[in-house]
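For reference, model14.txt (compact mmCIF, C-alpha atoms):
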```
# COMPACT_ATOMS: atom_id res chain seq x y z
CA ASN A 1 122.57 108.42 46.41
CA ALA A 2 124.80 111.31 47.46
CA GLY A 3 121.90 113.15 49.13
CA VAL A 4 122.64 116.88 49.40
CA THR A 5 126.05 118.06 48.23
CA GLN A 6 127.61 121.49 48.69
CA THR A 7 130.65 123.17 47.20
CA PRO A 8 133.04 124.48 48.27
CA LYS A 9 133.66 123.05 51.74
CA PHE A 10 135.77 126.02 52.83
CA GLN A 11 136.24 129.54 51.49
CA VAL A 12 138.05 132.66 52.58
CA LEU A 13 137.01 135.98 51.03
CA LYS A 14 138.09 139.56 51.40
CA THR A 15 135.48 142.20 52.17
CA GLY A 16 133.72 143.23 48.98
CA GLN A 17 134.46 140.07 47.03
CA SER A 18 131.64 137.99 45.58
CA MET A 19 131.09 134.27 45.45
CA THR A 20 128.44 131.65 44.82
CA LEU A 21 127.78 128.65 47.02
CA GLN A 22 126.51 125.65 45.11
CA CYS A 23 124.02 123.05 46.31
CA ALA A 24 122.58 120.00 44.58
CA GLN A 25 120.28 117.17 45.70
CA ASP A 26 119.56 113.84 44.05
CA MET A 27 116.44 112.89 46.04
CA ASN A 28 113.96 114.48 43.60
CA HIS A 29 112.83 116.90 46.30
CA ASN A 30 110.77 119.90 45.37
CA SER A 31 111.78 122.21 48.22
CA MET A 32 115.25 123.54 48.97
CA TYR A 33 116.62 125.85 51.65
CA TRP A 34 119.68 127.88 52.61
CA TYR A 35 120.57 128.40 56.29
CA ARG A 36 123.40 130.00 58.15
CA GLN A 37 124.66 128.69 61.48
CA ASP A 38 126.32 130.98 63.98
CA PRO A 39 127.42 130.08 67.52
CA GLY A 40 124.59 130.41 70.04
CA MET A 41 122.05 131.33 67.38
CA GLY A 42 121.03 128.00 65.93
CA LEU A 43 120.10 127.86 62.27
CA ARG A 44 118.54 130.86 60.57
CA LEU A 45 116.79 130.60 57.23
CA ILE A 46 118.22 132.84 54.52
CA TYR A 47 116.11 131.88 51.50
CA TYR A 48 114.03 128.95 50.45
CA SER A 49 112.49 127.57 47.28
CA ALA A 50 109.20 125.73 47.71
CA SER A 51 109.38 124.40 44.17
CA GLU A 52 111.31 124.88 40.95
CA GLY A 53 110.87 128.42 39.68
CA THR A 54 109.98 129.98 43.04
CA THR A 55 112.10 131.55 45.76
CA ASP A 56 111.18 133.38 48.96
CA LYS A 57 113.02 135.29 51.65
CA GLY A 58 113.62 133.78 55.05
CA GLU A 59 114.66 135.42 58.31
CA VAL A 60 117.99 136.91 57.22
CA PRO A 61 118.00 137.52 53.44
CA ASN A 62 119.91 140.84 53.34
CA GLY A 63 123.19 140.61 51.44
CA TYR A 64 122.25 137.38 49.66
CA ASN A 65 120.61 136.29 46.43
CA VAL A 66 119.53 132.84 45.30
CA SER A 67 118.84 131.01 42.08
CA ARG A 68 116.83 127.84 41.71
CA LEU A 69 118.59 126.68 38.56
CA ASN A 70 116.50 123.54 38.14
CA LYS A 71 114.86 120.98 40.40
CA ARG A 72 118.23 119.66 41.60
CA GLU A 73 120.23 122.82 42.14
CA PHE A 74 119.86 125.87 44.40
CA SER A 75 122.69 128.38 44.61
CA LEU A 76 123.38 131.17 47.10
CA ARG A 77 125.28 134.27 46.01
CA LEU A 78 127.06 136.87 48.08
CA GLU A 79 127.47 139.93 45.85
CA SER A 80 129.71 141.95 48.17
CA ALA A 81 130.88 139.92 51.14
CA ALA A 82 131.05 141.48 54.61
CA PRO A 83 132.69 140.18 57.80
CA SER A 84 129.19 139.74 59.29
CA GLN A 85 128.63 137.01 56.71
CA THR A 86 131.34 134.85 58.23
CA SER A 87 129.39 131.72 59.08
CA VAL A 88 128.74 128.10 58.24
CA TYR A 89 126.19 127.76 55.45
CA PHE A 90 123.94 124.74 55.07
CA CYS A 91 121.74 123.75 52.19
CA ALA A 92 118.77 121.43 52.79
CA SER A 93 116.00 119.83 50.79
CA SER A 94 112.65 118.20 51.50
CA GLU A 95 109.59 116.73 49.87
CA ALA A 96 106.96 119.23 48.83
CA LEU A 97 104.37 120.25 51.36
CA GLY A 98 101.41 117.92 51.49
CA THR A 99 103.03 114.72 50.24
CA SER A 100 103.37 113.20 53.71
CA GLY A 101 102.48 115.87 56.21
CA GLY A 102 105.48 117.02 58.18
CA ASN A 103 108.42 116.55 55.87
CA GLU A 104 111.86 116.38 57.39
CA GLN A 105 114.66 118.29 55.76
CA PHE A 106 117.88 116.65 54.62
CA PHE A 107 121.05 118.68 55.07
CA GLY A 108 124.30 118.99 53.19
CA PRO A 109 127.72 118.94 54.91
CA GLY A 110 128.05 122.74 54.97
CA THR A 111 130.37 125.45 53.66
CA ARG A 112 132.57 127.22 56.16
CA LEU A 113 132.98 130.82 54.97
CA THR A 114 135.34 133.40 56.43
CA VAL A 115 135.21 137.03 55.30
CA LEU A 116 138.25 139.09 56.25
CA ALA B 1 105.14 133.22 64.43
CA GLN B 2 106.48 129.79 65.22
CA SER B 3 109.42 129.50 67.61
CA VAL B 4 111.36 127.01 69.68
CA ALA B 5 113.17 127.37 72.99
CA GLN B 6 115.95 125.08 74.16
CA PRO B 7 116.62 126.44 77.63
CA GLU B 8 119.91 124.72 78.42
CA ASP B 9 123.11 125.53 76.55
CA GLN B 10 124.85 122.32 77.61
CA VAL B 11 123.73 119.03 79.09
CA ASN B 12 126.30 116.87 80.88
CA VAL B 13 125.47 113.25 81.62
CA ALA B 14 127.46 110.22 82.70
CA GLU B 15 127.66 107.32 80.28
CA GLY B 16 124.88 104.84 80.99
CA ASN B 17 122.63 107.40 82.64
CA PRO B 18 119.37 108.66 81.11
CA LEU B 19 119.69 111.64 78.80
CA THR B 20 117.06 114.36 78.44
CA VAL B 21 117.27 117.39 76.16
CA LYS B 22 114.47 119.91 76.66
CA CYS B 23 112.46 121.74 74.02
CA THR B 24 109.39 123.96 74.24
CA TYR B 25 107.60 125.45 71.26
CA SER B 26 105.19 128.19 70.32
CA VAL B 27 102.82 128.01 67.34
CA SER B 28 99.45 129.42 66.37
CA GLY B 29 98.03 126.14 65.12
CA ASN B 30 99.06 122.52 65.55
CA PRO B 31 102.78 121.76 65.42
CA TYR B 32 104.98 119.45 63.47
CA LEU B 33 108.05 118.84 65.66
CA PHE B 34 111.51 117.55 64.78
CA TRP B 35 114.79 116.68 66.43
CA TYR B 36 118.12 116.80 64.61
CA VAL B 37 121.66 115.96 65.72
CA GLN B 38 124.88 117.56 64.50
CA TYR B 39 128.27 115.94 64.97
CA PRO B 40 131.40 118.13 64.73
CA ASN B 41 132.03 119.55 61.26
CA ARG B 42 128.99 117.77 59.82
CA GLY B 43 125.53 118.70 58.61
CA LEU B 44 122.37 118.07 60.61
CA GLN B 45 120.97 114.56 60.71
CA PHE B 46 117.28 113.86 61.24
CA LEU B 47 116.48 111.87 64.42
CA LEU B 48 112.69 111.81 64.74
CA LYS B 49 109.48 113.76 64.24
CA TYR B 50 106.01 114.17 65.69
CA ILE B 51 103.19 114.72 63.22
CA THR B 52 100.12 113.26 64.87
CA GLY B 53 99.07 110.18 66.81
CA ASP B 54 101.00 108.70 69.73
CA ASN B 55 102.64 111.27 71.94
CA LEU B 56 105.75 109.09 72.34
CA VAL B 57 107.80 109.01 69.17
CA LYS B 58 110.72 106.64 68.61
CA GLY B 59 113.60 107.54 66.33
CA SER B 60 117.13 106.69 65.31
CA TYR B 61 119.97 105.51 67.60
CA GLY B 62 117.62 104.64 70.50
CA PHE B 63 116.27 108.17 70.91
CA GLU B 64 112.65 108.97 71.65
CA ALA B 65 110.67 112.12 72.32
CA GLU B 66 107.44 112.87 74.11
CA PHE B 67 104.96 115.39 72.79
CA ASN B 68 103.07 117.23 75.53
CA LYS B 69 100.47 119.61 74.15
CA SER B 70 99.45 121.13 77.49
CA GLN B 71 103.06 122.00 78.32
CA THR B 72 103.96 122.78 74.67
CA SER B 73 107.02 120.59 75.03
CA PHE B 74 108.83 117.98 72.97
CA HIS B 75 111.71 116.69 75.10
CA LEU B 76 114.25 114.30 73.60
CA LYS B 77 115.19 111.27 75.69
CA LYS B 78 117.50 108.29 75.65
CA PRO B 79 117.40 105.69 78.45
CA SER B 80 121.15 105.03 78.51
CA ALA B 81 123.57 107.58 77.06
CA LEU B 82 126.70 106.62 75.11
CA VAL B 83 129.89 108.62 74.71
CA SER B 84 129.14 108.65 70.96
CA ASP B 85 125.93 110.61 71.71
CA SER B 86 128.05 113.67 72.46
CA ALA B 87 126.91 116.19 69.85
CA LEU B 88 124.79 119.28 69.25
CA TYR B 89 121.03 118.68 69.28
CA PHE B 90 118.45 120.91 67.62
CA CYS B 91 114.70 121.01 68.09
CA ALA B 92 112.58 122.47 65.26
CA VAL B 93 108.91 123.23 64.72
CA ARG B 94 106.62 123.91 61.79
CA ASP B 95 103.21 125.46 62.25
CA ILE B 96 100.74 123.74 59.93
CA LEU B 97 98.81 126.99 59.59
CA TYR B 98 101.60 128.30 57.39
CA GLY B 99 101.42 127.25 53.76
CA ASN B 100 105.04 126.23 53.43
CA ASN B 101 107.53 123.79 54.90
CA ARG B 102 109.61 126.36 56.79
CA LEU B 103 111.07 125.21 60.07
CA ALA B 104 112.00 127.33 63.08
CA PHE B 105 115.06 125.93 64.87
CA GLY B 106 116.11 126.31 68.48
CA LYS B 107 119.60 127.48 69.38
CA GLY B 108 120.79 123.95 70.03
CA ASN B 109 121.96 122.01 73.08
CA GLN B 110 125.48 120.70 73.40
CA VAL B 111 125.34 117.23 74.96
CA VAL B 112 128.49 115.95 76.64
CA VAL B 113 128.46 112.31 77.72
CA ILE B 114 131.18 111.68 80.29
CA PRO B 115 132.86 108.24 80.25
```
Write-out of the structure in structure tokens:
Amino acid sequence: NAGVTQTPKFQVLKTGQSMTLQCAQDMNHNSMYWYRQDPGMGLRLIYYSASEGTTDKGEVPNGYNVSRLNKREFSLRLESAAPSQTSVYFCASSEALGTSGGNEQFFGPGTRLTVL
Amino acid sequence: AQSVAQPEDQVNVAEGNPLTVKCTYSVSGNPYLFWYVQYPNRGLQFLLKYITGDNLVKGSYGFEAEFNKSQTSFHLKKPSALVSDSALYFCAVRDILYGNNRLAFGKGNQVVVIP
């Protein structure tokens, strides 16, 4: 099993450009998440999808959109990139709520994004 | 709202000495608590979790954590630190009152194990 995979690993954008970060998991998890990691700020939730067909905003959703394409895939789109979106982006997945109580999340390797 | 505090930015410890990384939490209901580790240029890896039951939880790589409800703490411990334990450690909490699996993460603690 590959676990959670993310593409690309690195990306440099100019202000105003758009791009989509891809995430896929092969663990048959229902829930998927997108986080950003910035120095000294820990991980902040951008969007999450509790199950296929549903998405909800997290702490910092402005400037982002998501698509839960199917059970395996959850993409994050930046429509018009800004320098403030320079960050490391992590995708994660977990079992659905209720299957075993507190369900740990499994993380991908991250995408390092720089917006100039 | 659920939240986590990791009061120290960096923890320095000599190899072979005990390692403690502190975490306190705030929730409205009962907490689910997690520790993750992040090595350079990698994603987060799950170490251990507290759901219910024994207050002392054992996890991967010889780590353990103690849940203390009265002090709202969940400190991570290892009896004898290794140089390879040098990494960034995150505490996270989920409040079971909320009908989702969202976690609130702390800012992280950089652990440096000195040979």
Tell me, in Å to one decimal, how far atom CA of A:Arg77 is from atom CA of A:Ser18.
7.4 Å
Report as a count of residues only all protein, DNA and RNA residues lying within 12 Å of A:Met41, evaluated on only C-alpha atoms, omitting residues in the same chain fewer than 2 positions from it.
21
Write down, as an MDAnalysis selection string, each residue of chain B that has any atom within 10 Å of an atom of chain A, counting all atoms listed in the file.
chainID B and resid 9 31:36 41:52 89:96 99:109
So the first atom is atom CA of B:Val83 and the second is atom CA of B:Asn12; what is the distance between them in Å, to one decimal place?
10.9 Å
If we count all atoms listed in the file, what is near B:Ala87 at a cut-off of 7 Å, once residues fewer than 2 positions away on the same chain are taken out, given as a PDB file with C-alpha atoms, in the frame of the given file?
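As a result, part29.pdb now contains:
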```pdb
ATOM      1  CA  VAL B  37     121.660 115.960  65.720  1.00  0.00           C
ATOM      2  CA  GLN B  38     124.880 117.560  64.500  1.00  0.00           C
ATOM      3  CA  TYR B  39     128.270 115.940  64.970  1.00  0.00           C
ATOM      4  CA  ASP B  85     125.930 110.610  71.710  1.00  0.00           C
ATOM      5  CA  TYR B  89     121.030 118.680  69.280  1.00  0.00           C
ATOM      6  CA  GLN B 110     125.480 120.700  73.400  1.00  0.00           C
ATOM      7  CA  VAL B 111     125.340 117.230  74.960  1.00  0.00           C
ATOM      8  CA  VAL B 112     128.490 115.950  76.640  1.00  0.00           C
TER       9      VAL B 112
END
```
The centre and edge lengths of an axis-aligned box containing all atoms of stretch 79-96 of chain A present in the file, extended by 3 Å on each side, are to be given in Å to one decimal, as lines of an AutoDock Vina configuration file.
```
center_x = 119.8
center_y = 129.3
center_z = 52.6
size_x = 31.7
size_y = 31.2
size_z = 19.4
```
For atom CA of A:Gln11 and atom CA of A:Pro83, determine how far apart the two atoms are, in Å to one decimal place.
12.9 Å
